[in-house]
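K.L.:
See model-v6.cif below, with mmCIF, C-alpha atoms.
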data_entry
#
loop_
_atom_site.label_atom_id
_atom_site.label_comp_id
_atom_site.auth_asym_id
_atom_site.auth_seq_id
_atom_site.Cartn_x
_atom_site.Cartn_y
_atom_site.Cartn_z
CA MET A 1474 0.00 0.00 0.00
CA PRO A 1475 1.45 3.42 -0.93
CA ALA A 1476 2.51 5.63 1.95
CA PRO A 1477 0.01 8.37 2.83
CA THR A 1478 1.20 11.86 2.02
CA SER A 1479 -2.07 13.66 2.77
CA TYR A 1480 -3.74 14.02 6.17
CA THR A 1481 -7.04 15.46 7.41
CA PHE A 1482 -7.38 17.18 10.79
CA TYR A 1483 -10.44 16.46 12.90
CA GLY A 1484 -10.65 18.73 15.94
CA VAL A 1485 -12.91 20.25 18.58
CA VAL A 1486 -12.48 23.61 20.36
CA GLU A 1487 -12.18 23.16 24.13
CA ASP A 1488 -14.18 25.17 26.68
CA ALA A 1489 -12.95 28.37 28.32
CA PHE A 1490 -11.15 28.02 31.63
CA ALA A 1491 -8.40 29.68 33.63
CA ASN A 1492 -5.89 28.40 36.16
CA ASP A 1493 -2.40 29.26 37.37
CA PHE A 1494 -0.90 28.13 34.07
CA LEU A 1495 -3.25 29.17 31.31
CA SER A 1496 -6.18 31.44 30.43
CA VAL A 1497 -8.25 29.80 27.72
CA ASN A 1498 -10.79 31.98 25.92
CA PRO A 1499 -11.81 30.58 22.50
CA ALA A 1500 -13.94 33.66 21.76
CA ALA A 1501 -10.77 35.76 21.56
CA PHE A 1502 -9.89 33.77 18.44
CA GLY A 1503 -13.32 33.71 16.88
CA TYR A 1504 -14.06 30.17 18.05
CA THR A 1505 -16.93 28.81 20.13
CA ALA A 1506 -16.61 25.98 22.65
CA GLY A 1507 -17.42 22.66 21.03
CA GLN A 1508 -16.90 23.99 17.51
CA ARG A 1509 -15.63 21.32 15.12
CA ILE A 1510 -12.49 22.36 13.27
CA THR A 1511 -11.01 20.92 10.08
CA GLY A 1512 -7.58 21.06 8.54
CA SER A 1513 -5.47 19.43 5.84
CA LEU A 1514 -1.80 18.74 5.20
CA THR A 1515 -0.27 17.36 2.01
CA LEU A 1516 3.40 16.70 1.37
CA THR A 1517 4.55 17.25 -2.24
CA ASN A 1518 7.65 16.87 -4.39
CA SER A 1519 10.83 15.91 -2.52
CA LEU A 1520 9.14 15.88 0.88
CA ALA A 1521 6.53 13.38 -0.31
CA ALA A 1522 9.27 11.18 -1.76
CA SER A 1523 11.35 11.35 1.43
CA TRP A 1524 8.35 10.54 3.62
CA ALA A 1525 7.30 7.60 1.41
CA SER A 1526 10.83 6.16 1.39
CA LEU A 1527 10.88 5.73 5.17
CA PRO A 1528 9.80 2.47 6.86
CA ALA A 1529 6.08 2.44 7.66
CA ASP A 1530 6.78 1.73 11.34
CA ALA A 1531 9.39 4.49 11.66
CA ARG A 1532 8.54 7.52 9.58
CA PHE A 1533 10.22 10.57 11.10
CA LEU A 1534 10.97 13.76 9.20
CA SER A 1535 12.07 17.27 10.20
CA PHE A 1536 12.55 20.23 7.89
CA GLY A 1537 12.69 24.00 8.02
CA PRO A 1538 9.96 26.57 7.32
CA ASP A 1539 11.28 27.49 3.86
CA LEU A 1540 10.89 23.92 2.62
CA ALA A 1541 7.53 23.64 4.38
CA GLN A 1542 6.25 26.74 2.61
CA ALA A 1543 7.47 25.40 -0.76
CA GLU A 1544 6.46 21.73 -0.56
CA VAL A 1545 3.56 21.48 1.90
CA ASN A 1546 -0.06 22.33 1.14
CA PHE A 1547 -1.58 23.31 4.48
CA PHE A 1548 -4.92 24.53 5.80
CA PHE A 1549 -6.19 25.06 9.35
CA GLU A 1550 -9.53 26.70 10.00
CA GLN A 1551 -9.72 30.06 11.77
CA ALA A 1552 -12.18 32.49 10.27
CA ALA A 1553 -11.63 35.40 12.70
CA THR A 1554 -8.08 36.30 11.71
CA GLY A 1555 -7.80 34.31 8.50
CA ASP A 1556 -7.30 30.61 7.94
CA TRP A 1557 -3.77 29.26 8.32
CA THR A 1558 -1.86 28.18 5.20
CA GLU A 1559 1.63 26.97 4.32
CA ALA A 1560 2.72 30.62 3.96
CA ASP A 1561 2.46 30.95 7.76
CA PHE A 1562 5.08 28.34 8.73
CA THR A 1563 7.76 29.98 10.88
CA GLY A 1564 9.30 26.98 12.69
CA ASN A 1565 10.60 23.56 11.76
CA LEU A 1566 7.91 21.04 10.88
CA ASN A 1567 8.46 17.71 12.64
CA LEU A 1568 6.42 14.67 11.66
CA GLY A 1569 6.45 11.18 13.18
CA SER A 1570 4.36 8.10 12.46
CA THR A 1571 4.66 4.39 13.25
CA ASP A 1572 1.51 3.17 11.50
CA ASP A 1573 0.04 4.31 8.18
CA GLN A 1574 -3.48 3.48 9.40
CA ARG A 1575 -3.22 5.71 12.48
CA PRO A 1576 -3.00 9.50 12.92
CA ILE A 1577 0.36 11.24 12.99
CA GLU A 1578 1.75 10.63 16.46
CA ASP A 1579 4.36 13.39 16.63
CA MET A 1580 3.47 16.65 14.91
CA ARG A 1581 5.22 19.84 16.00
CA THR A 1582 5.51 23.23 14.34
CA THR A 1583 4.73 26.93 14.76
CA LEU A 1584 2.77 29.21 12.44
CA PHE A 1585 2.34 32.98 12.46
CA HIS A 1586 0.48 35.36 10.15
CA SER A 1587 3.37 37.42 8.79
CA SER A 1588 0.92 39.96 7.39
CA ASP A 1589 -0.56 40.60 10.84
CA PRO A 1590 2.15 41.30 13.45
CA ASP A 1591 -0.52 41.62 16.17
CA GLY A 1592 -2.19 38.36 15.22
CA PRO A 1593 -2.13 35.05 17.06
CA THR A 1594 0.42 32.25 17.00
CA LEU A 1595 -0.60 28.69 16.17
CA ARG A 1596 1.41 25.87 17.73
CA LEU A 1597 0.76 22.33 16.63
CA ASP A 1598 2.01 19.73 19.09
CA GLN A 1599 0.25 16.39 19.06
CA LEU A 1600 1.76 15.00 22.25
CA ASP A 1601 2.01 18.10 24.46
CA PHE A 1602 -1.21 19.86 23.39
CA GLY A 1603 -3.22 16.94 22.01
CA GLY A 1604 -3.61 18.92 18.80
CA ALA A 1605 -3.21 22.70 18.62
CA GLN A 1606 -2.88 25.73 20.86
CA LEU A 1607 -3.37 29.33 19.80
CA THR A 1608 -2.00 32.26 21.80
CA ASN A 1609 -2.10 36.03 21.41
CA ASP A 1610 -0.37 39.08 22.82
CA ASP A 1611 -3.05 39.43 25.51
CA SER A 1612 -1.90 36.17 27.21
CA GLN A 1613 -5.04 34.39 26.09
CA ALA A 1614 -5.20 30.96 24.48
CA ALA A 1615 -7.48 28.59 22.64
CA ILE A 1616 -7.08 24.81 22.57
CA VAL A 1617 -8.21 22.68 19.65
CA SER A 1618 -8.08 18.98 20.52
CA GLY A 1619 -7.71 16.74 17.51
CA ALA A 1620 -5.50 14.59 15.29
CA TRP A 1621 -4.22 14.35 11.72
CA VAL A 1622 -5.65 11.21 10.08
CA PRO A 1623 -4.17 9.70 6.89
CA ALA A 1624 -6.20 10.20 3.73
CA GLY A 1625 -8.07 7.01 2.94
CA VAL A 1626 -8.64 6.21 6.62
CA THR A 1627 -12.16 6.91 7.87
CA PRO A 1628 -12.19 7.24 11.66
CA ASN A 1629 -15.14 6.62 13.93
CA LEU A 1630 -15.88 10.12 15.30
CA VAL A 1631 -17.53 10.14 18.73
CA TYR A 1632 -18.65 13.42 20.30
CA GLY A 1633 -19.78 13.77 23.90
CA THR A 1634 -22.09 16.46 25.20
CA ARG A 1635 -21.85 19.07 27.94
CA GLU A 1636 -23.31 16.51 30.35
CA ALA A 1637 -21.90 13.34 31.91
CA ASP A 1638 -21.62 10.90 29.01
CA ILE A 1639 -21.10 7.15 28.80
CA LEU A 1640 -19.14 6.50 25.60
CA ARG A 1641 -18.15 3.04 24.29
CA PRO A 1642 -16.34 3.50 20.95
CA SER A 1643 -15.78 0.39 18.88
CA ALA A 1644 -13.93 0.60 15.54
CA SER A 1645 -10.48 0.01 14.08
CA LEU A 1646 -9.77 3.71 14.78
CA SER A 1647 -11.89 6.00 16.94
CA LEU A 1648 -11.48 9.69 17.75
CA VAL A 1649 -13.40 10.50 20.93
CA TRP A 1650 -14.13 13.88 22.53
CA GLY A 1651 -15.82 13.70 25.94
CA GLY A 1652 -16.67 17.37 26.20
CA ARG A 1653 -17.76 18.83 29.53
CA GLY A 1654 -19.06 16.69 32.34
CA GLU A 1655 -17.77 13.70 34.26
CA ASP A 1656 -17.54 11.27 31.37
CA ASP A 1657 -17.08 7.49 31.42
CA ILE A 1658 -15.20 6.48 28.27
CA ARG A 1659 -14.15 2.92 27.50
CA VAL A 1660 -12.62 1.82 24.20
CA ARG A 1661 -14.26 -1.53 23.41
CA SER A 1662 -12.23 -2.46 20.33
CA GLY A 1663 -9.53 -1.14 18.05
CA GLU A 1664 -7.32 1.85 18.80
CA ALA A 1665 -8.40 5.31 19.88
CA PHE A 1666 -7.37 8.91 20.36
CA VAL A 1667 -9.38 10.22 23.34
CA TRP A 1668 -9.76 13.73 24.76
CA GLY A 1669 -11.62 13.84 28.08
CA GLY A 1670 -12.26 17.58 28.07
CA GLU A 1671 -13.40 19.45 31.16
CA GLY A 1672 -14.60 17.32 34.09
CA ASP A 1673 -13.41 14.47 36.30
CA ASP A 1674 -13.37 11.76 33.65
CA THR A 1675 -12.78 8.00 33.72
CA ILE A 1676 -11.05 6.81 30.55
CA ARG A 1677 -10.05 3.24 29.78
CA GLY A 1678 -8.23 2.16 26.66
CA ASN A 1679 -8.31 -1.15 24.84
CA THR A 1680 -5.56 -3.72 24.26
CA GLY A 1681 -4.32 -1.73 21.24
CA ARG A 1682 -2.23 1.42 21.28
CA ASP A 1683 -4.27 4.32 22.63
CA PHE A 1684 -3.54 8.05 22.95
CA VAL A 1685 -5.38 9.77 25.80
CA TRP A 1686 -5.47 13.37 27.04
CA GLY A 1687 -7.46 13.80 30.26
CA GLY A 1688 -8.07 17.54 29.93
CA ILE A 1689 -9.23 19.73 32.80
CA GLY A 1690 -10.17 17.82 35.95
CA ASP A 1691 -9.10 15.02 38.26
CA ASP A 1692 -9.13 12.13 35.82
CA MET A 1693 -8.70 8.37 36.13
CA ILE A 1694 -6.96 6.93 33.07
CA LYS A 1695 -6.04 3.32 32.37
CA GLY A 1696 -4.23 2.24 29.24
CA ASN A 1697 -4.73 -1.54 29.56
CA GLY A 1698 -2.65 -3.28 26.88
CA GLY A 1699 -0.57 -1.75 24.10
CA ASP A 1700 2.16 0.87 23.97
CA ASP A 1701 -0.02 3.77 25.08
CA PHE A 1702 0.48 7.52 25.39
CA LEU A 1703 -1.44 8.82 28.41
CA SER A 1704 -1.49 12.46 29.52
CA GLY A 1705 -3.39 13.62 32.58
CA GLU A 1706 -3.01 17.30 31.64
CA PHE A 1707 -4.52 19.67 34.24
CA GLY A 1708 -5.67 18.22 37.56
CA ASP A 1709 -4.83 15.61 40.19
CA ASP A 1710 -4.90 12.52 38.02
CA VAL A 1711 -4.58 8.77 38.60
CA ILE A 1712 -2.97 7.07 35.60
CA ASN A 1713 -2.20 3.37 35.11
CA GLY A 1714 -0.37 2.26 32.00
CA GLY A 1715 -1.01 -1.49 32.34
CA SER A 1716 1.00 -3.80 30.12
CA GLY A 1717 3.07 -2.43 27.26
CA ASN A 1718 5.82 0.14 26.84
CA ASP A 1719 3.83 3.22 27.81
CA ARG A 1720 4.59 6.92 27.84
CA ILE A 1721 2.80 8.74 30.65
CA TRP A 1722 2.79 12.43 31.56
CA GLY A 1723 0.95 13.56 34.68
CA GLY A 1724 0.81 17.26 33.82
CA PRO A 1725 0.33 20.09 36.35
CA GLY A 1726 -1.22 18.76 39.53
CA PHE A 1727 -0.67 16.11 42.19
CA ASP A 1728 -0.68 12.89 40.22
CA LEU A 1729 -0.46 9.16 40.98
CA ILE A 1730 1.19 7.26 38.11
CA ARG A 1731 1.71 3.50 37.76
CA GLY A 1732 3.62 2.34 34.72
CA GLY A 1733 2.72 -1.34 35.06
CA SER A 1734 4.71 -3.92 33.14
CA GLY A 1735 6.90 -2.87 30.24
CA ASP A 1736 9.68 -0.35 29.66
CA ASP A 1737 7.79 2.84 30.41
CA ILE A 1738 8.60 6.56 30.25
CA LEU A 1739 6.91 8.27 33.20
CA ASP A 1740 6.94 12.01 33.90
CA GLY A 1741 5.11 13.43 36.91
CA GLY A 1742 4.95 16.82 35.20
CA GLY A 1743 5.91 18.82 38.29
CA GLY A 1744 4.11 19.02 41.58
CA LEU A 1745 3.53 16.54 44.40
CA ASP A 1746 3.56 13.38 42.31
CA THR A 1747 3.82 9.70 43.22
CA VAL A 1748 5.30 7.52 40.48
CA PHE A 1749 5.69 3.73 40.45
CA GLY A 1750 7.54 2.22 37.53
CA GLY A 1751 6.55 -1.40 38.11
CA ALA A 1752 8.18 -4.22 36.17
CA GLY A 1753 10.52 -3.30 33.33
CA ASN A 1754 13.37 -0.90 32.65
CA ASP A 1755 11.61 2.40 33.26
CA TYR A 1756 12.62 6.03 32.75
CA ILE A 1757 11.12 8.28 35.43
CA VAL A 1758 11.13 12.07 35.80
CA SER A 1759 10.27 12.80 39.40
CA GLY A 1760 7.91 15.48 40.64
CA THR A 1761 9.19 18.58 42.42
CA GLY A 1762 7.25 18.53 45.69
CA ASN A 1763 4.89 21.10 47.17
CA ILE A 1764 4.60 23.63 50.00
CA ASP A 1765 1.27 23.06 51.76
CA GLU A 1766 -1.01 25.65 53.37
CA SER A 1767 0.98 25.41 56.62
CA PHE A 1768 4.18 26.14 54.70
CA GLU A 1769 5.36 22.58 55.29
CA LEU A 1770 7.31 20.80 52.57
CA GLU A 1771 5.73 17.74 50.99
CA ARG A 1772 8.04 15.65 48.82
CA SER A 1773 7.26 13.67 45.71
CA THR A 1774 7.92 9.93 45.56
CA SER A 1775 9.39 7.91 42.70
CA ASN A 1776 9.88 4.15 42.84
CA GLY A 1777 11.37 2.31 39.89
CA GLY A 1778 10.18 -1.15 40.89
CA SER A 1779 11.86 -4.17 39.35
CA GLY A 1780 14.20 -3.68 36.41
CA ASP A 1781 17.14 -1.44 35.56
CA ASP A 1782 15.51 1.96 35.94
CA THR A 1783 16.63 5.55 35.36
CA ILE A 1784 15.23 8.18 37.73
CA LEU A 1785 15.77 11.93 37.20
CA ALA A 1786 15.19 14.41 40.00
CA THR A 1787 16.10 17.99 40.90
CA PHE A 1788 14.05 19.05 43.93
CA ASP A 1789 12.20 17.64 46.92
CA ALA A 1790 11.73 13.98 46.10
CA ILE A 1791 12.20 10.59 47.75
CA LEU A 1792 13.69 8.16 45.25
CA THR A 1793 13.73 4.37 45.37
CA GLY A 1794 15.31 2.35 42.59
CA GLY A 1795 13.88 -1.02 43.58
CA ARG A 1796 15.34 -4.29 42.35
CA GLY A 1797 17.89 -4.02 39.55
CA ALA A 1798 20.88 -1.90 38.60
CA ASP A 1799 19.41 1.62 38.67
CA LYS A 1800 20.66 5.03 37.59
CA PHE A 1801 19.87 8.16 39.59
CA VAL A 1802 20.36 11.40 37.64
CA ILE A 1803 20.59 14.21 40.18
CA GLY A 1804 20.23 17.74 38.86
CA ARG A 1805 19.43 19.00 35.37
CA PHE A 1806 21.32 16.81 32.94
CA PHE A 1807 20.43 18.94 29.92
CA GLY A 1808 21.61 22.40 30.95
CA GLU A 1809 23.01 23.93 34.10
CA ALA A 1810 21.44 23.13 37.48
CA ALA A 1811 21.98 26.27 39.56
CA GLN A 1812 20.43 24.64 42.61
CA LEU A 1813 19.03 21.33 43.80
CA GLY A 1814 17.97 19.94 47.15
CA GLY A 1815 15.69 17.85 49.29
CA LEU A 1816 16.54 14.61 47.50
CA ASN A 1817 16.76 11.25 49.30
CA VAL A 1818 17.73 7.94 47.73
CA THR A 1819 16.44 5.16 49.96
CA ASP A 1820 18.17 2.10 48.51
CA PHE A 1821 21.38 3.07 46.72
CA GLN A 1822 23.60 -0.01 46.25
CA PRO A 1823 27.30 0.86 45.85
CA GLY A 1824 28.82 -1.19 43.07
CA VAL A 1825 25.42 -1.88 41.52
CA ASP A 1826 23.54 1.41 41.09
CA ARG A 1827 24.97 4.58 39.57
CA LEU A 1828 24.73 8.30 40.44
CA PHE A 1829 25.01 11.00 37.77
CA ILE A 1830 25.61 14.37 39.46
CA THR A 1831 24.98 17.54 37.43
CA ALA A 1832 25.11 20.40 39.91
CA GLY A 1833 26.31 23.95 39.40
CA GLU A 1834 28.26 25.39 36.51
CA PRO A 1835 30.13 23.01 34.16
CA GLY A 1836 33.20 21.55 35.84
CA ARG A 1837 32.13 22.21 39.42
CA TYR A 1838 31.52 18.53 40.21
CA ASP A 1839 33.19 16.72 37.32
CA THR A 1840 35.47 14.38 39.31
CA PHE A 1841 34.96 11.78 42.00
CA GLU A 1842 37.18 13.77 44.37
CA LYS A 1843 35.10 16.94 44.00
CA ILE A 1844 31.90 15.04 44.69
CA MET A 1845 33.35 13.31 47.75
CA ALA A 1846 34.52 16.66 49.12
CA ALA A 1847 30.85 17.74 49.27
CA GLY A 1848 29.83 14.61 51.22
CA ARG A 1849 29.99 13.51 54.84
CA GLN A 1850 28.79 10.66 57.01
CA VAL A 1851 25.85 11.57 59.24
CA GLY A 1852 24.82 8.57 61.31
CA SER A 1853 23.98 5.76 58.91
CA ASP A 1854 23.51 8.10 55.91
CA VAL A 1855 25.78 9.88 53.44
CA VAL A 1856 24.84 13.55 53.11
CA PHE A 1857 25.93 15.71 50.16
CA ASP A 1858 25.67 19.50 50.12
CA PHE A 1859 26.58 20.66 46.64
CA PHE A 1860 25.75 24.32 47.31
CA PRO A 1861 27.16 25.12 50.77
CA GLU A 1862 27.07 28.85 50.00
CA ASN A 1863 23.26 28.75 50.01
CA ILE A 1864 21.14 28.48 53.14
CA SER A 1865 18.75 25.54 52.93
CA ASP A 1866 16.76 23.49 55.42
CA LEU A 1867 17.55 20.30 53.53
CA PRO A 1868 20.82 19.04 52.06
CA SER A 1869 21.19 18.51 48.35
CA LEU A 1870 21.22 14.72 48.49
CA VAL A 1871 21.00 11.98 51.12
CA LEU A 1872 21.94 8.36 50.46
CA GLU A 1873 20.16 6.43 53.17
CA GLU A 1874 21.87 3.51 54.93
CA VAL A 1875 25.12 3.94 52.96
CA LEU A 1876 28.71 4.24 54.24
CA LEU A 1877 30.82 6.98 52.67
CA ILE A 1878 33.89 4.72 52.61
CA ARG A 1879 32.03 2.22 50.40
CA LEU A 1880 31.56 4.73 47.57
CA THR A 1881 34.02 4.40 44.68
CA PRO A 1882 34.60 6.22 41.36
CA SER A 1883 32.60 3.52 39.54
CA ASP A 1884 29.48 4.68 41.41
CA PHE A 1885 29.71 8.14 39.76
CA PRO A 1886 30.00 7.91 35.95
CA PHE A 1887 30.58 11.09 34.00
CA SER A 1888 29.40 9.79 30.64
CA ASP A 1889 25.92 10.09 29.19
CA PHE A 1890 23.35 8.04 31.06
#
Before we go any further, please render this structure as structure tokens.

P.N.:
Amino acid sequence: MPAPTSYTFYGVVEDAFANDFLSVNPAAFGYTAGQRITGSLTLTNSLAASWASLPADARFLSFGPDLAQAEVNFFFEQAATGDWTEADFTGNLNLGSTDDQRPIEDMRTTLFHSSDPDGPTLRLDQLDFGGAQLTNDDSQAAIVSGAWVPAGVTPNLVYGTREADILRPSASLSLVWGGRGEDDIRVRSGEAFVWGGEGDDTIRGNTGRDFVWGGIGDDMIKGNGGDDFLSGEFGDDVINGGSGNDRIWGGPGFDLIRGGSGDDILDGGGGLDTVFGGAGNDYIVSGTGNIDESFELERSTSNGGSGDDTILATFDAILTGGRGADKFVIGRFFGEAAQLGGLNVTDFQPGVDRLFITAGEPGRYDTFEKIMAAGRQVGSDVVFDFFPENISDLPSLVLEEVLLIRLTPSDFPFSDF
């Protein structure tokens, strides 16, 4: 079957809301809540040939705005300020797909009306936004939840109401929008892209590969089988990946995440998060804790479970590797970590686990001797203070039930993790 080079966007405008992170007002962009939005994208000439030449289970392409303007036919509906076309591409266009019968899984780019310097910006990001986000100079936004479906594929389109809906999609491919209300959505067969919308939703996938965005509210999401992508978005969410190699993002809020079996990628998203990797070699980004109403510190928890896990943390988290040879990445590995603290590792095993320390400016802690100089034995624990010039209630890092004299250079690699 020839590779698809044309895609149709099916989307729905999300309701207005405001929180500490975002002020969503679709009316500012000429949209109404619940409005159904269409779009199209067609690759031509050399881009179409390059896309078609890639393996069907690993199509990934990235190119600049000049090539996008020349070899992409693009349309995205927005009547108020003018529909978006290929002439509006201003950033690289990144496309990723692993199945020609499923929507594009990774779509990222930025568009701007060059003829209207005061106009909005359109950002397409399938994973982070679940479709598209528009912003303007007045710090307002609109969210259009949707996906780009290959031409020739007819999805089952399921639209909820502004009430509490019970939705049971069943098709080879379903696109499901819950809308407002506390919805109960369960994918009975096939694969699905699901947007919960506003409300405390319960969303359960099928044994295939599902993509779920919880939306606004305290959602309960379960992937069941398949290599799922599950995003809680805004709210205090409970997310369970089940079996499969899942990718889970909690989003802003206090989330509980269970990866289940498989080699999962789990990101609390910031906040007071609790993350359990479960079985498999998991990659975990820990939460950053919270200061409660009594100004008391509450720390996030990350537990790798069984398997050789990698856990990243910067602030206020209790880390447990679990069974296996685990890697603890302390600080901000990509970029400079000007500060870190409040981190405890409960089960570090010298000679088995590894610590990657990225604290301060480059070169500050780039040898075993420099790291050891920042550590001391306090009772049964090893305590590191990587920023002694700063006043802090908590040390940078505590290795519980570890003797300083048992640590060796092999416990602190300086290569990429």

K.L.:
List the spatial neighbours of Arg1720 (chain A) as a PyMOL selection string - criterion: any atom at most 12 Å away, only C-alpha atoms, same-chain residues fewer than 3 positions off excluded.

P.N.:
chain A and resi 1600-1601+1682-1686+1696+1699-1705+1712-1717+1723+1730-1733+1735-1741+1750+1755-1758

K.L.:
Give me the residues within 6 Å of Ile1791 (chain A) as number ranges by chain, counting all atoms listed in the file and dropping any in the same chain fewer than 2 places off.

P.N.:
A: 1774, 1816-1817

K.L.:
Name the residues that the PyMOL selection byres ((chain A and resi 1580) around 6) pulls out of this structure, and write them as a PyMOL selection string.

P.N.:
chain A and resi 1567-1568+1579+1581+1598-1599

K.L.:
Take the point (13.9, 4.3, 45.5) in the file's coordinates, draw a sphere of radius 6 Å around it, and report as a list in words every protein, DNA or RNA residue with an atom inside or on it, counting all atoms listed in the file.

P.N.:
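Every residue inside that radius is included here: Asn1776, Leu1792, Thr1793, Gly1794, Gly1795, Val1818, Thr1819 and Asp1820 of chain A.
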
K.L.:
Evaluate the PyMOL selection byres ((chain A and resi 1511-1521) around 7) against this structure - the residues, as a list in words, please.

P.N.:
Thr1478, Ser1479, Tyr1480, Thr1481, Phe1482, Tyr1483, Gly1484, Arg1509, Ile1510, Ala1522, Ser1523, Trp1524, Ala1525, Glu1544, Val1545, Asn1546, Phe1547, Phe1548, Phe1549 and Glu1550 of chain A

K.L.:
Between CA of Asn1609 (chain A) and CA of Pro1593 (chain A), what is the spacing in Å?

P.N.:
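CA of Asn1609 (chain A) lies at a distance of 4.5 Å from CA of Pro1593 (chain A).
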
K.L.:
Can you list, as a list in words, every protein, DNA or RNA residue that comes within 10 Å of Thr1608 (chain A) when you count only C-alpha atoms, leaving out same-chain residues fewer than 5 positions away?

P.N.:
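Listing them by chain and then by number gives Ser1496, Val1497, Asn1498, Pro1499, Ala1501, Phe1502, Gly1592, Pro1593, Thr1594, Leu1595, Arg1596, Gln1613, Ala1614, Ala1615 and Ile1616 of chain A.
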
K.L.:
May I have the selected residues written with C-alpha atoms, as a PDB file, keeping the file's coordinate frame?

P.N.:
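Listing of out_18.pdb after writing:
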ATOM      1  CA  SER A1496      -6.180  31.440  30.430  1.00  0.00           C
ATOM      2  CA  VAL A1497      -8.250  29.800  27.720  1.00  0.00           C
ATOM      3  CA  ASN A1498     -10.790  31.980  25.920  1.00  0.00           C
ATOM      4  CA  PRO A1499     -11.810  30.580  22.500  1.00  0.00           C
ATOM      5  CA  ALA A1501     -10.770  35.760  21.560  1.00  0.00           C
ATOM      6  CA  PHE A1502      -9.890  33.770  18.440  1.00  0.00           C
ATOM      7  CA  GLY A1592      -2.190  38.360  15.220  1.00  0.00           C
ATOM      8  CA  PRO A1593      -2.130  35.050  17.060  1.00  0.00           C
ATOM      9  CA  THR A1594       0.420  32.250  17.000  1.00  0.00           C
ATOM     10  CA  LEU A1595      -0.600  28.690  16.170  1.00  0.00           C
ATOM     11  CA  ARG A1596       1.410  25.870  17.730  1.00  0.00           C
ATOM     12  CA  GLN A1613      -5.040  34.390  26.090  1.00  0.00           C
ATOM     13  CA  ALA A1614      -5.200  30.960  24.480  1.00  0.00           C
ATOM     14  CA  ALA A1615      -7.480  28.590  22.640  1.00  0.00           C
ATOM     15  CA  ILE A1616      -7.080  24.810  22.570  1.00  0.00           C
TER      16      ILE A1616
END

K.L.:
Taking (-7.5, 2.7, 28.9) in the file's own coordinates, collect the residues within 6 Å, counting only C-alpha atoms, and hand them back as number ranges by chain.

P.N.:
A: 1676-1679, 1694-1697

K.L.:
Check which residues satisfy the PyMOL selection byres ((chain A and resi 1709) around 6) in the file shown, then give them as a PDB file with C-alpha atoms, in the coordinates of the input.

P.N.:
ATOM      1  CA  ASP A1691      -9.100  15.020  38.260  1.00  0.00           C
ATOM      2  CA  GLY A1708      -5.670  18.220  37.560  1.00  0.00           C
ATOM      3  CA  ASP A1710      -4.900  12.520  38.020  1.00  0.00           C
ATOM      4  CA  GLY A1726      -1.220  18.760  39.530  1.00  0.00           C
ATOM      5  CA  PHE A1727      -0.670  16.110  42.190  1.00  0.00           C
ATOM      6  CA  ASP A1728      -0.680  12.890  40.220  1.00  0.00           C
TER       7      ASP A1728
END

K.L.:
Determine the nearest neighbour of Glu1706 (chain A) from the options A:Pro1861, A:Gly1670, A:Gly1619, A:Gly1760, counting only C-alpha atoms.

P.N.:
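Among the listed residues, the smallest separation from Glu1706 (chain A) belongs to A:Gly1670.
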
K.L.:
Which distance in Å separates CA of Ile1639 (chain A) and CA of Asn1718 (chain A), to one decimal?

P.N.:
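Between these atoms lies a distance of 27.9 Å.
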
K.L.:
Any idea what the distance is between CA of Ser1612 (chain A) and CA of Arg1635 (chain A)?

P.N.:
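Calculated distance between CA of Ser1612 (chain A) and CA of Arg1635 (chain A) is 26.3 Å.
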
K.L.:
Can you rebuild region 1866-1874 of chain A with N, CA and C atoms and give it as a CSV table (one decimal), in the coordinates of the input?

P.N.:
chain,number,residue,atom,x,y,z
A,1866,ASP,N,17.2,24.4,54.3
A,1866,ASP,CA,16.8,23.5,55.4
A,1866,ASP,C,17.1,22.0,55.2
A,1867,LEU,N,17.2,21.7,53.9
A,1867,LEU,CA,17.6,20.3,53.5
A,1867,LEU,C,18.8,20.2,52.7
A,1868,PRO,N,19.6,19.2,52.9
A,1868,PRO,CA,20.8,19.0,52.1
A,1868,PRO,C,20.4,18.7,50.6
A,1869,SER,N,21.5,18.8,49.8
A,1869,SER,CA,21.2,18.5,48.4
A,1869,SER,C,20.7,17.1,48.1
A,1870,LEU,N,21.5,16.1,48.7
A,1870,LEU,CA,21.2,14.7,48.5
A,1870,LEU,C,21.6,13.9,49.7
A,1871,VAL,N,20.7,12.9,50.0
A,1871,VAL,CA,21.0,12.0,51.1
A,1871,VAL,C,20.9,10.6,50.6
A,1872,LEU,N,22.0,9.8,50.8
A,1872,LEU,CA,21.9,8.4,50.5
A,1872,LEU,C,21.7,7.6,51.8
A,1873,GLU,N,20.5,7.1,51.9
A,1873,GLU,CA,20.2,6.4,53.2
A,1873,GLU,C,20.8,5.1,53.3
A,1874,GLU,N,21.3,4.8,54.6
A,1874,GLU,CA,21.9,3.5,54.9
A,1874,GLU,C,23.1,3.2,54.0
